[in-house]
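The next block is final_3.pdb, given as PDB, C-alpha atoms, pLDDT in the B column.
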```
MODEL        1
ATOM      1  CA  ALA A   1       0.000   0.000   0.000  1.00 45.00           C
ATOM      2  CA  PRO A   2       1.258   3.536  -0.739  1.00 50.00           C
ATOM      3  CA  SER A   3       2.633   5.507   2.177  1.00 50.00           C
ATOM      4  CA  ALA A   4       1.004   8.712   3.419  1.00 46.00           C
ATOM      5  CA  ALA A   5       3.670  10.752   1.649  1.00 47.00           C
ATOM      6  CA  GLU A   6       3.090   8.890  -1.615  1.00 47.00           C
ATOM      7  CA  ALA A   7      -0.667   9.326  -1.298  1.00 47.00           C
ATOM      8  CA  GLU A   8      -0.208  13.062  -0.777  1.00 42.00           C
ATOM      9  CA  GLU A   9       1.990  13.323  -3.858  1.00 43.00           C
ATOM     10  CA  GLU A  10      -0.547  11.340  -5.853  1.00 47.00           C
ATOM     11  CA  GLU A  11      -3.320  13.722  -4.855  1.00 40.00           C
ATOM     12  CA  GLU A  12      -1.281  16.795  -5.775  1.00 48.00           C
ATOM     13  CA  GLY A  13      -0.430  15.293  -9.155  1.00 52.00           C
ATOM     14  CA  GLU A  14       2.608  17.480  -9.844  1.00 60.00           C
ATOM     15  CA  GLY A  15       5.802  16.235 -11.455  1.00 76.00           C
ATOM     16  CA  ARG A  16       4.596  12.662 -11.942  1.00 86.00           C
ATOM     17  CA  THR A  17       4.635  12.585 -15.740  1.00 86.00           C
ATOM     18  CA  LEU A  18       7.599  12.069 -18.067  1.00 89.00           C
ATOM     19  CA  PHE A  19       7.713  13.281 -21.650  1.00 85.00           C
ATOM     20  CA  VAL A  20       9.373  10.554 -23.764  1.00 90.00           C
ATOM     21  CA  LYS A  21      10.969  11.518 -27.101  1.00 87.00           C
ATOM     22  CA  ASN A  22      12.744   9.669 -29.908  1.00 89.00           C
ATOM     23  CA  LEU A  23      10.392   6.695 -29.928  1.00 92.00           C
ATOM     24  CA  ASN A  24      10.439   4.247 -32.791  1.00 92.00           C
ATOM     25  CA  PHE A  25       7.291   4.730 -34.874  1.00 90.00           C
ATOM     26  CA  LYS A  26       6.379   1.085 -34.251  1.00 93.00           C
ATOM     27  CA  THR A  27       6.507   1.440 -30.446  1.00 94.00           C
ATOM     28  CA  THR A  28       3.042   1.072 -28.884  1.00 93.00           C
ATOM     29  CA  SER A  29       1.535   2.415 -25.684  1.00 93.00           C
ATOM     30  CA  ASP A  30       1.665  -1.095 -24.197  1.00 94.00           C
ATOM     31  CA  GLY A  31       5.349  -1.347 -25.047  1.00 95.00           C
ATOM     32  CA  LEU A  32       6.000   2.024 -23.441  1.00 95.00           C
ATOM     33  CA  ARG A  33       4.210   0.919 -20.277  1.00 95.00           C
ATOM     34  CA  GLN A  34       6.220  -2.309 -20.113  1.00 95.00           C
ATOM     35  CA  LEU A  35       9.485  -0.389 -20.468  1.00 96.00           C
ATOM     36  CA  PHE A  36       8.767   1.648 -17.334  1.00 96.00           C
ATOM     37  CA  SER A  37       6.974  -1.041 -15.303  1.00 95.00           C
ATOM     38  CA  VAL A  38      10.189  -2.040 -13.534  1.00 94.00           C
ATOM     39  CA  ASN A  39      12.035  -1.252 -10.314  1.00 93.00           C
ATOM     40  CA  GLY A  40       8.803  -1.257  -8.360  1.00 94.00           C
ATOM     41  CA  TRP A  41       7.542   1.902 -10.095  1.00 94.00           C
ATOM     42  CA  ARG A  42       3.764   2.324 -10.282  1.00 93.00           C
ATOM     43  CA  VAL A  43       2.831   3.368 -13.815  1.00 93.00           C
ATOM     44  CA  ARG A  44      -0.633   4.898 -13.849  1.00 91.00           C
ATOM     45  CA  SER A  45      -0.739   5.431 -17.605  1.00 89.00           C
ATOM     46  CA  ALA A  46       1.478   5.320 -20.675  1.00 90.00           C
ATOM     47  CA  SER A  47       0.535   6.620 -24.094  1.00 89.00           C
ATOM     48  CA  VAL A  48       2.209   7.118 -27.450  1.00 89.00           C
ATOM     49  CA  VAL A  49       0.801  10.191 -29.171  1.00 84.00           C
ATOM     50  CA  THR A  50      -0.709   9.355 -32.554  1.00 82.00           C
ATOM     51  CA  ARG A  51      -2.255  11.148 -35.504  1.00 76.00           C
ATOM     52  CA  ARG A  52      -4.587   9.890 -38.211  1.00 74.00           C
ATOM     53  CA  ASP A  53      -2.880   8.775 -41.410  1.00 74.00           C
ATOM     54  CA  PRO A  54      -3.988  11.239 -44.132  1.00 70.00           C
ATOM     55  CA  LYS A  55      -3.625   8.486 -46.750  1.00 78.00           C
ATOM     56  CA  GLN A  56      -5.497   5.859 -44.708  1.00 79.00           C
ATOM     57  CA  PRO A  57      -8.022   7.602 -42.420  1.00 75.00           C
ATOM     58  CA  ASP A  58      -8.733   4.391 -40.493  1.00 82.00           C
ATOM     59  CA  ARG A  59      -5.052   4.045 -39.511  1.00 84.00           C
ATOM     60  CA  MET A  60      -3.227   5.909 -36.722  1.00 84.00           C
ATOM     61  CA  LEU A  61       0.434   6.917 -36.977  1.00 83.00           C
ATOM     62  CA  SER A  62       2.845   7.419 -34.089  1.00 86.00           C
ATOM     63  CA  MET A  63       4.246  10.929 -33.680  1.00 82.00           C
ATOM     64  CA  GLY A  64       7.460   9.544 -32.174  1.00 87.00           C
ATOM     65  CA  TYR A  65       6.846  10.686 -28.609  1.00 84.00           C
ATOM     66  CA  GLY A  66       4.628   9.889 -25.642  1.00 88.00           C
ATOM     67  CA  PHE A  67       3.870  10.384 -21.945  1.00 87.00           C
ATOM     68  CA  VAL A  68       4.299   8.120 -18.919  1.00 91.00           C
ATOM     69  CA  GLU A  69       2.461   9.010 -15.701  1.00 89.00           C
ATOM     70  CA  PHE A  70       3.702   7.507 -12.446  1.00 92.00           C
ATOM     71  CA  GLY A  71       1.938   7.028  -9.130  1.00 91.00           C
ATOM     72  CA  THR A  72       4.342   9.273  -7.239  1.00 92.00           C
ATOM     73  CA  VAL A  73       6.775  12.100  -7.843  1.00 91.00           C
ATOM     74  CA  ALA A  74       9.581   9.980  -6.419  1.00 93.00           C
ATOM     75  CA  HIS A  75       8.995   7.228  -8.976  1.00 94.00           C
ATOM     76  CA  ALA A  76       8.922   9.730 -11.852  1.00 92.00           C
ATOM     77  CA  HIS A  77      12.197  11.357 -10.777  1.00 93.00           C
ATOM     78  CA  ASP A  78      13.835   7.980 -10.218  1.00 95.00           C
ATOM     79  CA  ALA A  79      12.767   6.849 -13.698  1.00 95.00           C
ATOM     80  CA  LEU A  80      14.032  10.114 -15.193  1.00 94.00           C
ATOM     81  CA  ARG A  81      17.440   9.477 -13.638  1.00 93.00           C
ATOM     82  CA  ARG A  82      17.721   5.753 -14.304  1.00 95.00           C
ATOM     83  CA  MET A  83      15.994   5.334 -17.674  1.00 94.00           C
ATOM     84  CA  ALA A  84      17.607   8.128 -19.674  1.00 89.00           C
ATOM     85  CA  GLY A  85      18.956   6.520 -22.841  1.00 89.00           C
ATOM     86  CA  ALA A  86      17.061   3.257 -22.314  1.00 93.00           C
ATOM     87  CA  ARG A  87      16.415   1.376 -25.548  1.00 94.00           C
ATOM     88  CA  ILE A  88      13.057   0.301 -26.894  1.00 94.00           C
ATOM     89  CA  ASP A  89      12.539  -1.015 -30.423  1.00 94.00           C
ATOM     90  CA  GLU A  90      16.147  -0.074 -31.312  1.00 92.00           C
ATOM     91  CA  HIS A  91      15.712   3.592 -30.275  1.00 92.00           C
ATOM     92  CA  ARG A  92      17.258   5.322 -27.258  1.00 92.00           C
ATOM     93  CA  VAL A  93      14.575   7.316 -25.472  1.00 91.00           C
ATOM     94  CA  GLN A  94      15.023  10.930 -24.345  1.00 89.00           C
ATOM     95  CA  LEU A  95      13.246  11.907 -21.131  1.00 90.00           C
ATOM     96  CA  LYS A  96      12.074  15.155 -19.547  1.00 85.00           C
ATOM     97  CA  LEU A  97       9.598  16.024 -16.843  1.00 81.00           C
ATOM     98  CA  SER A  98       6.266  17.157 -18.277  1.00 74.00           C
ATOM     99  CA  SER A  99       3.537  19.438 -16.945  1.00 58.00           C
ATOM    100  CA  ARG A 100       0.917  17.184 -18.486  1.00 52.00           C
ATOM    101  CA  GLY A 101      -1.410  15.893 -15.801  1.00 46.00           C
ATOM    102  CA  SER A 102      -0.233  18.375 -13.168  1.00 36.00           C
ATOM    103  CA  ALA A 103      -2.705  20.134 -10.899  1.00 27.00           C
ATOM    104  CA  ASP A 104      -2.202  23.635 -12.281  1.00 29.00           C
ATOM    105  CA  GLY A 105      -0.220  23.061 -15.472  1.00 34.00           C
ATOM    106  CA  ALA A 106       2.515  25.400 -14.231  1.00 32.00           C
ATOM    107  CA  GLU A 107       6.047  24.284 -14.894  1.00 36.00           C
ATOM    108  CA  PRO A 108       9.344  26.173 -15.028  1.00 34.00           C
ATOM    109  CA  ARG A 109      11.254  25.613 -18.246  1.00 36.00           C
ATOM    110  CA  PRO A 110      14.042  23.082 -17.656  1.00 36.00           C
ATOM    111  CA  ALA A 111      17.469  23.301 -19.172  1.00 33.00           C
ATOM    112  CA  GLY A 112      17.065  22.444 -22.827  1.00 36.00           C
ATOM    113  CA  PRO A 113      18.061  23.343 -26.371  1.00 37.00           C
ATOM    114  CA  ALA A 114      19.045  26.972 -26.834  1.00 39.00           C
ATOM    115  CA  PRO A 115      17.147  29.128 -29.313  1.00 40.00           C
ATOM    116  CA  VAL A 116      18.210  28.671 -32.933  1.00 40.00           C
ATOM    117  CA  GLY A 117      21.320  30.733 -33.545  1.00 43.00           C
ATOM    118  CA  GLY A 118      21.420  31.674 -29.864  1.00 47.00           C
ATOM    119  CA  ALA A 119      20.476  35.254 -30.729  1.00 49.00           C
ATOM    120  CA  ALA A 120      16.694  35.529 -30.592  1.00 63.00           C
ATOM    121  CA  LYS A 121      15.185  36.685 -27.313  1.00 81.00           C
ATOM    122  CA  ALA A 122      12.501  34.683 -25.566  1.00 87.00           C
ATOM    123  CA  SER A 123       9.068  35.566 -26.865  1.00 91.00           C
ATOM    124  CA  ASN A 124       5.641  34.037 -27.331  1.00 93.00           C
ATOM    125  CA  LYS A 125       6.300  33.323 -31.018  1.00 94.00           C
ATOM    126  CA  LEU A 126       8.234  30.323 -32.350  1.00 94.00           C
ATOM    127  CA  LEU A 127       9.745  29.649 -35.750  1.00 94.00           C
ATOM    128  CA  VAL A 128       9.442  25.951 -36.603  1.00 94.00           C
ATOM    129  CA  ARG A 129      11.750  24.671 -39.325  1.00 92.00           C
ATOM    130  CA  ASN A 130      12.152  21.305 -41.053  1.00 91.00           C
ATOM    131  CA  VAL A 131       8.408  20.676 -41.025  1.00 91.00           C
ATOM    132  CA  PRO A 132       7.727  17.563 -43.135  1.00 86.00           C
ATOM    133  CA  PHE A 133       5.581  18.196 -46.171  1.00 85.00           C
ATOM    134  CA  GLU A 134       3.180  15.437 -45.092  1.00 83.00           C
ATOM    135  CA  ALA A 135       2.305  17.413 -41.955  1.00 85.00           C
ATOM    136  CA  SER A 136      -0.921  19.396 -42.002  1.00 87.00           C
ATOM    137  CA  LYS A 137      -1.886  22.559 -40.174  1.00 89.00           C
ATOM    138  CA  PRO A 138      -4.393  20.719 -37.904  1.00 87.00           C
ATOM    139  CA  GLU A 139      -1.654  18.255 -36.933  1.00 85.00           C
ATOM    140  CA  LEU A 140       0.721  21.054 -35.975  1.00 90.00           C
ATOM    141  CA  ARG A 141      -2.045  22.803 -34.058  1.00 88.00           C
ATOM    142  CA  ASP A 142      -2.793  19.620 -32.116  1.00 84.00           C
ATOM    143  CA  LEU A 143       0.899  19.087 -31.418  1.00 86.00           C
ATOM    144  CA  PHE A 144       1.594  22.590 -30.076  1.00 90.00           C
ATOM    145  CA  SER A 145      -1.725  23.210 -28.336  1.00 86.00           C
ATOM    146  CA  ALA A 146      -0.792  20.478 -25.845  1.00 80.00           C
ATOM    147  CA  PHE A 147       1.584  23.029 -24.305  1.00 84.00           C
ATOM    148  CA  GLY A 148      -0.623  26.107 -24.145  1.00 87.00           C
ATOM    149  CA  GLN A 149      -3.202  28.279 -25.855  1.00 90.00           C
ATOM    150  CA  LEU A 150      -2.349  29.190 -29.431  1.00 92.00           C
ATOM    151  CA  LYS A 151      -2.897  32.717 -30.682  1.00 94.00           C
ATOM    152  CA  THR A 152      -1.965  32.064 -34.312  1.00 94.00           C
ATOM    153  CA  LEU A 153      -0.399  29.324 -36.424  1.00 94.00           C
ATOM    154  CA  ARG A 154       0.823  30.071 -39.929  1.00 93.00           C
ATOM    155  CA  MET A 155       2.239  27.696 -42.536  1.00 92.00           C
ATOM    156  CA  PRO A 156       3.348  29.746 -45.587  1.00 91.00           C
ATOM    157  CA  LYS A 157       2.373  28.083 -48.839  1.00 88.00           C
ATOM    158  CA  LYS A 158       3.773  27.749 -52.336  1.00 86.00           C
ATOM    159  CA  PHE A 159       1.690  28.685 -55.339  1.00 85.00           C
ATOM    160  CA  ASP A 160       0.668  25.033 -55.761  1.00 87.00           C
ATOM    161  CA  GLY A 161      -0.922  24.943 -52.293  1.00 84.00           C
ATOM    162  CA  SER A 162       1.749  22.890 -50.528  1.00 87.00           C
ATOM    163  CA  HIS A 163       3.514  24.435 -47.540  1.00 88.00           C
ATOM    164  CA  ARG A 164       7.142  25.565 -47.556  1.00 88.00           C
ATOM    165  CA  GLY A 165       8.509  23.433 -44.734  1.00 90.00           C
ATOM    166  CA  PHE A 166       8.383  25.995 -41.937  1.00 93.00           C
ATOM    167  CA  ALA A 167       5.756  27.518 -39.690  1.00 93.00           C
ATOM    168  CA  PHE A 168       5.164  30.309 -37.192  1.00 95.00           C
ATOM    169  CA  VAL A 169       3.460  29.330 -33.935  1.00 95.00           C
ATOM    170  CA  GLU A 170       2.360  32.129 -31.614  1.00 94.00           C
ATOM    171  CA  PHE A 171       1.230  31.369 -28.066  1.00 95.00           C
ATOM    172  CA  VAL A 172      -0.676  33.603 -25.674  1.00 94.00           C
ATOM    173  CA  SER A 173       2.303  33.714 -23.281  1.00 93.00           C
ATOM    174  CA  LYS A 174       6.095  33.432 -23.347  1.00 93.00           C
ATOM    175  CA  ALA A 175       5.957  30.670 -20.734  1.00 92.00           C
ATOM    176  CA  GLU A 176       3.821  28.476 -22.992  1.00 92.00           C
ATOM    177  CA  ALA A 177       6.130  29.074 -25.968  1.00 93.00           C
ATOM    178  CA  GLY A 178       9.165  28.210 -23.824  1.00 90.00           C
ATOM    179  CA  LYS A 179       7.509  25.039 -22.616  1.00 87.00           C
ATOM    180  CA  ALA A 180       6.734  23.948 -26.190  1.00 89.00           C
ATOM    181  CA  MET A 181      10.268  24.668 -27.376  1.00 88.00           C
ATOM    182  CA  ALA A 182      11.824  22.764 -24.468  1.00 84.00           C
ATOM    183  CA  ARG A 183       9.600  19.773 -25.134  1.00 80.00           C
ATOM    184  CA  LEU A 184       9.345  19.641 -28.932  1.00 85.00           C
ATOM    185  CA  ASP A 185      12.697  20.788 -30.302  1.00 82.00           C
ATOM    186  CA  GLY A 186      14.172  17.764 -32.076  1.00 77.00           C
ATOM    187  CA  THR A 187      10.939  15.772 -31.890  1.00 76.00           C
ATOM    188  CA  HIS A 188      10.305  13.335 -34.746  1.00 72.00           C
ATOM    189  CA  LEU A 189       7.463  14.165 -37.080  1.00 74.00           C
ATOM    190  CA  TYR A 190       6.994  11.957 -40.144  1.00 72.00           C
ATOM    191  CA  GLY A 191      10.669  10.985 -40.002  1.00 67.00           C
ATOM    192  CA  ARG A 192      12.040  14.516 -39.610  1.00 77.00           C
ATOM    193  CA  HIS A 193      13.390  16.305 -36.543  1.00 81.00           C
ATOM    194  CA  LEU A 194      11.562  19.569 -35.906  1.00 87.00           C
ATOM    195  CA  VAL A 195      13.900  22.524 -35.355  1.00 91.00           C
ATOM    196  CA  LEU A 196      12.447  25.180 -33.058  1.00 92.00           C
ATOM    197  CA  GLY A 197      13.623  28.645 -32.137  1.00 91.00           C
ATOM    198  CA  TYR A 198      12.194  31.921 -30.958  1.00 92.00           C
ATOM    199  CA  ALA A 199      11.129  33.999 -33.948  1.00 89.00           C
ATOM    200  CA  LYS A 200      13.091  37.208 -34.451  1.00 83.00           C
ATOM    201  CA  LYS A 201      11.375  40.398 -35.570  1.00 71.00           C
ATOM    202  CA  GLU A 202      12.946  40.009 -38.990  1.00 60.00           C
ATOM    203  CA  ASP A 203      11.678  36.425 -39.268  1.00 62.00           C
ATOM    204  CA  THR A 204       8.449  37.351 -41.009  1.00 62.00           C
ATOM    205  CA  VAL A 205       6.626  35.225 -43.556  1.00 57.00           C
ATOM    206  CA  GLU A 206       7.810  37.539 -46.314  1.00 62.00           C
ATOM    207  CA  ALA A 207      11.442  37.469 -45.168  1.00 61.00           C
ATOM    208  CA  MET A 208      11.504  33.694 -44.928  1.00 59.00           C
ATOM    209  CA  ARG A 209       9.893  33.430 -48.354  1.00 61.00           C
ATOM    210  CA  ASP A 210      12.510  35.760 -49.841  1.00 64.00           C
ATOM    211  CA  LYS A 211      15.316  33.689 -48.320  1.00 60.00           C
ATOM    212  CA  LEU A 212      13.878  30.514 -49.818  1.00 59.00           C
ATOM    213  CA  ARG A 213      13.461  32.194 -53.205  1.00 64.00           C
ATOM    214  CA  ALA A 214      17.094  33.314 -53.122  1.00 65.00           C
ATOM    215  CA  GLN A 215      18.231  29.796 -52.257  1.00 56.00           C
ATOM    216  CA  MET A 216      16.094  28.286 -55.017  1.00 58.00           C
ATOM    217  CA  GLY A 217      17.327  30.889 -57.471  1.00 65.00           C
ATOM    218  CA  ALA A 218      20.950  30.136 -56.667  1.00 62.00           C
ATOM    219  CA  ALA A 219      20.369  26.398 -56.988  1.00 55.00           C
ATOM    220  CA  GLY A 220      18.353  26.707 -60.188  1.00 57.00           C
ATOM    221  CA  GLY A 221      20.517  29.231 -61.997  1.00 51.00           C
ATOM    222  CA  GLY A 222      18.292  32.193 -61.257  1.00 46.00           C
ATOM    223  CA  LYS A 223      15.148  30.996 -63.008  1.00 46.00           C
ATOM    224  CA  ARG A 224      12.476  33.648 -63.324  1.00 46.00           C
ATOM    225  CA  ARG A 225       9.223  32.905 -61.624  1.00 46.00           C
ATOM    226  CA  LYS A 226       6.238  31.992 -63.716  1.00 43.00           C
ATOM    227  CA  LYS A 227       3.683  34.595 -64.628  1.00 43.00           C
ATOM    228  CA  GLY A 228       1.114  34.898 -61.878  1.00 42.00           C
ATOM    229  CA  GLY A 229       3.110  32.357 -59.956  1.00 40.00           C
ATOM    230  CA  GLU A 230       3.732  33.068 -56.292  1.00 38.00           C
ATOM    231  CA  ALA A 231       2.191  36.421 -55.516  1.00 36.00           C
ATOM    232  CA  ASP A 232       0.188  35.064 -52.575  1.00 38.00           C
ATOM    233  CA  GLU A 233       2.302  32.051 -51.594  1.00 38.00           C
ATOM    234  CA  GLY A 234       2.755  33.297 -48.057  1.00 39.00           C
ATOM    235  CA  ALA A 235      -0.930  33.709 -47.381  1.00 40.00           C
ATOM    236  CA  GLU A 236      -2.287  31.541 -44.607  1.00 42.00           C
ATOM    237  CA  GLU A 237      -5.295  32.065 -42.427  1.00 42.00           C
ATOM    238  CA  ASP A 238      -4.917  32.197 -38.663  1.00 42.00           C
ATOM    239  CA  PRO A 239      -6.869  29.845 -36.400  1.00 41.00           C
TER     240      PRO A 239
ENDMDL
END
```

Can the structure in the file be given as structure tokens, please?
Amino acid sequence: APSAAEAEEEEEGEGRTLFVKNLNFKTTSDGLRQLFSVNGWRVRSASVVTRRDPKQPDRMLSMGYGFVEFGTVAHAHDALRRMAGARIDEHRVQLKLSSRGSADGAEPRPAGPAPVGGAAKASNKLLVRNVPFEASKPELRDLFSAFGQLKTLRMPKKFDGSHRGFAFVEFVSKAEAGKAMARLDGTHLYGRHLVLGYAKKEDTVEAMRDKLRAQMGAAGGGKRRKKGGEADEGAEEDP
């Protein structure tokens, strides 16, 4: 039976959940639970986050990360210390404490990846690079809204309607943006690692589009754009 101290921690519900990254796409929630059901730890729940396959609507795809909730804070911290780098389905997991399931959702940002380039100041707006072209706007919204309330989410598009591989995600608060960056930077999405950083003032949709045009022009020998081609390629409605 749990001790009085453990029962108190369980009631408070803070710091009992681990965020697990770098999962193999074939790893299941049951497999995740089995991995952490050792050393006498009480696992209350374990779940791999999934999204619906756009090509097969009746099939769910792993997003490459998940959450494990323990019965006590002590068990969660012990697992964080002892299971870092543990292997499951040929992948080494990466662990961090998560605010998911906490009583008030408040959580100080732990030490994590620095902002891209190390120059941008903390803000409520993130620049997300290396977004896979299979990813949709609803999928990104679901992914980031788990860490706070979104103000806007923009995915600049090409003239053919496909997105350009980057996005701007604006939260209501800096704390929420910091939490998302600490948790999601480097996360797998459709086989790619998302690259997150705080957006600089000069990192506008138009500026990013111009940079991509310059890169494409240099690679393609300075081809001129087609008539009527990309005048509104950066347009994207906000949620």

(Q) Assuming the chain letters and numbering stay as they are in my file, what does the PyMOL selection byres ((chain A and resi 136) around 12) actually select? List them as a PyMOL selection string. (A) chain A and resi 51-54+131-135+137-143+153-157+161-167+189-190

Q) What is the atom CA of Leu126 of chain A to atom CA of Ala146 of chain A distance in Å? A)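 A separation of 14.9 Å between them.
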
Q.
Given the point (15.2, 6.0, -14.9) in the coordinates of this file, which residues lie within 12 Å, counting all atoms listed in the file, and how would they look as number ranges by chain?
A. A: 18, 20, 35-41, 68, 70, 74-87, 93-97

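Distances to Arg16 of chain A were evaluated for A:Ser47, A:Ser62, A:Ser29, A:Thr72 using all atoms listed in the file, and the minimum falls at A:Thr72.
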
Ref. answer, residues at most 7 Å from (10.4, 27.2, -30.9) with all atoms listed in the file, as a JSON list (two decimals) with C-alpha atoms, in the coordinates of the input:
```json
[["chain", "number", "residue", "atom", "x", "y", "z"],
["A", 126, "LEU", "CA", 8.23, 30.32, -32.35],
["A", 127, "LEU", "CA", 9.74, 29.65, -35.75],
["A", 128, "VAL", "CA", 9.44, 25.95, -36.60],
["A", 177, "ALA", "CA", 6.13, 29.07, -25.97],
["A", 180, "ALA", "CA", 6.73, 23.95, -26.19],
["A", 181, "MET", "CA", 10.27, 24.67, -27.38],
["A", 185, "ASP", "CA", 12.70, 20.79, -30.30],
["A", 196, "LEU", "CA", 12.45, 25.18, -33.06],
["A", 197, "GLY", "CA", 13.62, 28.64, -32.14],
["A", 198, "TYR", "CA", 12.19, 31.92, -30.96]]
```
